[in-house]
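Accompanying notes for the structure given below.
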Amino acid sequence: MQDQRDITTICLDCFATLEKSGVCPVCGSKDGEHTNPPPALAKRELLNNRYLLASVLGMGGFGVTYLAYDMAESKKVAVKEFFPKGYAVREAGETCVGIATPEAISSFNHWLKAFVEEARILLRIKSLHGVVKLEDFFQANNTAYIVTDYLEGESLRSYLTVRGHKIAWTEALNVLRPIAESLHILHESGVIHKDVSPENIQIVQNKYVKLIDFGAAALYKRTSEEKPFMVLKAGYSPIELYKPLTYAQGPWTDVYQIGATLFNCVTGYIPAGATERMEHDRLPKPSALGIAMPEYVENAIMKALALRPEDRQQTMLELMQELRIV
């Protein structure tokens, strides 16, 4: 239902109505108390005549993510702005995105187009139960934006931390099953996530599991240049993300990251980084760390963590079959 309030009267912390003094009667925050760090857009910016921006949720290599309020639906959402680090700039007080150097124009425009193309695909398959729902995307300010559900809950990383950093293999498979199932469907549409880790898996209200943050996602069937700005996460990123000119990327890239996440869940340890393992691979089996599980589960995890892409399960379906969760 459309919210008819004046946007200057809306609290940017809980989205209740501010008192005349500028203090929120619900959460107690004071209007204008905090500002967003540069180069993020300012608080209370209204995007697409609909999304009221609040605080910055995160700033990474691909862009800036904001907490926002959807005036059309009267609910919290997350808005991700395409703002590749090192390629995009924004002057203080401005809304439009500029390009850092003349040499960066071609790459910026190429990947802005790819960002929009990928968003269109994700919007078409937005009903996946294991993936954060993409609500909208649009272009403005010389860049593009995607809007997703704002998920209340905790990350899988936080979930593990309060449980002594590890969980039973049966629970780990239950947590990751909807993620693997949804990735399988994404892969069939040509999209790989490339940033699967406990930090990007959200447990919502202790009921639902969702994969978030598609900033690194790519159309792996594309034959053109690789993104010049890449997320590399030690322990979770396979060798092809470090050496994209040597090794091809595909569904097997996400297979490695699911394998690394499973390894972390059941052992409490993050696997050694792929480049370190290429020098000398000492990655132990979970059983060598005293973790009891069926041999078929352990074998599937270790195969998913194979250094060479061709030695892993080539599809998410193959991994799920070997884990016996399909």
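Ordered as shown in the structure tokens, chains take letters A, B, and onward, while each chain numbers its residues from 1 and ligands are numbered from 1 in the order shown.
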Discussion item. With only C-alpha atoms as the counted atoms, please give the residues lying no more than 8 Å from A:Ala100, apart from itself and same-chain residues fewer than 6 positions off, as a count of residues only.
Written reply: 4
Discussion item. Give me, as a list in words, the residues of stretch 70-133 of chain A that a backbone DSSP run labels strand (DSSP E).
Written reply: Asp70, Lys75, Lys76, Val77, Ala78, Val79, Lys80, Glu81, Phe82, Ala88, Val89, Gly98 and Ile99 of chain A
Would you put the residues from that selection into a file with N, CA, C and O atoms, as a PDB file, in the first residue's frame?
```
ATOM      1  N   ASP A  70      10.554   1.146   0.767  1.00  0.00           N
ATOM      2  CA  ASP A  70       9.768   1.142  -0.463  1.00  0.00           C
ATOM      3  C   ASP A  70       8.451   1.870  -0.192  1.00  0.00           C
ATOM      4  O   ASP A  70       7.560   1.339   0.474  1.00  0.00           O
ATOM      5  N   LYS A  75       7.435  -1.044   2.931  1.00  0.00           N
ATOM      6  CA  LYS A  75       8.249  -2.082   3.569  1.00  0.00           C
ATOM      7  C   LYS A  75       9.738  -1.791   3.375  1.00  0.00           C
ATOM      8  O   LYS A  75      10.139  -1.038   2.480  1.00  0.00           O
ATOM      9  N   LYS A  76      10.556  -2.418   4.209  1.00  0.00           N
ATOM     10  CA  LYS A  76      12.008  -2.307   4.088  1.00  0.00           C
ATOM     11  C   LYS A  76      12.491  -3.120   2.891  1.00  0.00           C
ATOM     12  O   LYS A  76      11.981  -4.209   2.625  1.00  0.00           O
ATOM     13  N   VAL A  77      13.498  -2.593   2.212  1.00  0.00           N
ATOM     14  CA  VAL A  77      14.151  -3.318   1.130  1.00  0.00           C
ATOM     15  C   VAL A  77      15.647  -3.030   1.196  1.00  0.00           C
ATOM     16  O   VAL A  77      16.097  -2.146   1.942  1.00  0.00           O
ATOM     17  N   ALA A  78      16.413  -3.764   0.426  1.00  0.00           N
ATOM     18  CA  ALA A  78      17.836  -3.480   0.243  1.00  0.00           C
ATOM     19  C   ALA A  78      18.045  -3.043  -1.199  1.00  0.00           C
ATOM     20  O   ALA A  78      17.504  -3.661  -2.117  1.00  0.00           O
ATOM     21  N   VAL A  79      18.789  -1.969  -1.396  1.00  0.00           N
ATOM     22  CA  VAL A  79      19.055  -1.435  -2.733  1.00  0.00           C
ATOM     23  C   VAL A  79      20.552  -1.500  -2.991  1.00  0.00           C
ATOM     24  O   VAL A  79      21.346  -0.970  -2.210  1.00  0.00           O
ATOM     25  N   LYS A  80      20.942  -2.176  -4.075  1.00  0.00           N
ATOM     26  CA  LYS A  80      22.364  -2.258  -4.423  1.00  0.00           C
ATOM     27  C   LYS A  80      22.636  -1.390  -5.641  1.00  0.00           C
ATOM     28  O   LYS A  80      22.003  -1.534  -6.683  1.00  0.00           O
ATOM     29  N   GLU A  81      23.585  -0.498  -5.497  1.00  0.00           N
ATOM     30  CA  GLU A  81      23.982   0.421  -6.569  1.00  0.00           C
ATOM     31  C   GLU A  81      25.245  -0.099  -7.242  1.00  0.00           C
ATOM     32  O   GLU A  81      26.226  -0.446  -6.569  1.00  0.00           O
ATOM     33  N   PHE A  82      25.222  -0.165  -8.576  1.00  0.00           N
ATOM     34  CA  PHE A  82      26.412  -0.560  -9.324  1.00  0.00           C
ATOM     35  C   PHE A  82      27.434   0.584  -9.227  1.00  0.00           C
ATOM     36  O   PHE A  82      27.219   1.681  -9.751  1.00  0.00           O
ATOM     37  N   ALA A  88      34.386   3.835 -10.695  1.00  0.00           N
ATOM     38  CA  ALA A  88      33.321   4.818 -10.502  1.00  0.00           C
ATOM     39  C   ALA A  88      33.732   5.852  -9.460  1.00  0.00           C
ATOM     40  O   ALA A  88      34.473   5.550  -8.514  1.00  0.00           O
ATOM     41  N   VAL A  89      33.253   7.072  -9.641  1.00  0.00           N
ATOM     42  CA  VAL A  89      33.489   8.151  -8.679  1.00  0.00           C
ATOM     43  C   VAL A  89      32.195   8.946  -8.513  1.00  0.00           C
ATOM     44  O   VAL A  89      31.324   8.939  -9.386  1.00  0.00           O
ATOM     45  N   GLY A  98      30.204   9.212 -11.824  1.00  0.00           N
ATOM     46  CA  GLY A  98      31.156   9.524 -12.872  1.00  0.00           C
ATOM     47  C   GLY A  98      32.114   8.364 -13.065  1.00  0.00           C
ATOM     48  O   GLY A  98      32.139   7.418 -12.270  1.00  0.00           O
ATOM     49  N   ILE A  99      32.894   8.440 -14.132  1.00  0.00           N
ATOM     50  CA  ILE A  99      33.868   7.386 -14.423  1.00  0.00           C
ATOM     51  C   ILE A  99      35.256   7.924 -14.115  1.00  0.00           C
ATOM     52  O   ILE A  99      35.604   9.054 -14.483  1.00  0.00           O
TER      53      ILE A  99
END
```
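Atom CA of A:Lys113 to atom CA of A:Phe214 spans 15.3 Å [interatomic distance, one decimal].
Of the residues listed (A:Cys11, A:Ala306, A:Val26, A:Ile201), A:Ile201 shows the shortest atom-to-atom separation from A:Leu176; distances use only C-alpha atoms.
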Practice prompt. Determine which residues of stretch 171-255 of chain A receive a DSSP assignment of alpha helix (DSSP H), computed from the backbone, and state them as a ChimeraX atom specification.
Written response: /A:171-188,239-242,251-255
Worksheet item: Which residues, written as a ChimeraX atom specification, have at least one atom at most 8 Å from A:Thr261, with only C-alpha atoms counted and residues fewer than 6 positions away on the same chain left out?
Response: /A:196-198,236,270
Could you write out that same residue set with C-alpha atoms as a PDB file, in the first residue's frame?
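Result saved to result31.pdb:
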```pdb
ATOM      1  CA  VAL A 196      29.087 -18.294  -1.845  1.00  0.00           C
ATOM      2  CA  SER A 197      30.255 -18.327   1.777  1.00  0.00           C
ATOM      3  CA  PRO A 198      28.746 -18.342   5.291  1.00  0.00           C
ATOM      4  CA  TYR A 236      36.185 -20.020  -0.449  1.00  0.00           C
ATOM      5  CA  ILE A 270      38.045 -22.479   6.837  1.00  0.00           C
TER       6      ILE A 270
END
```
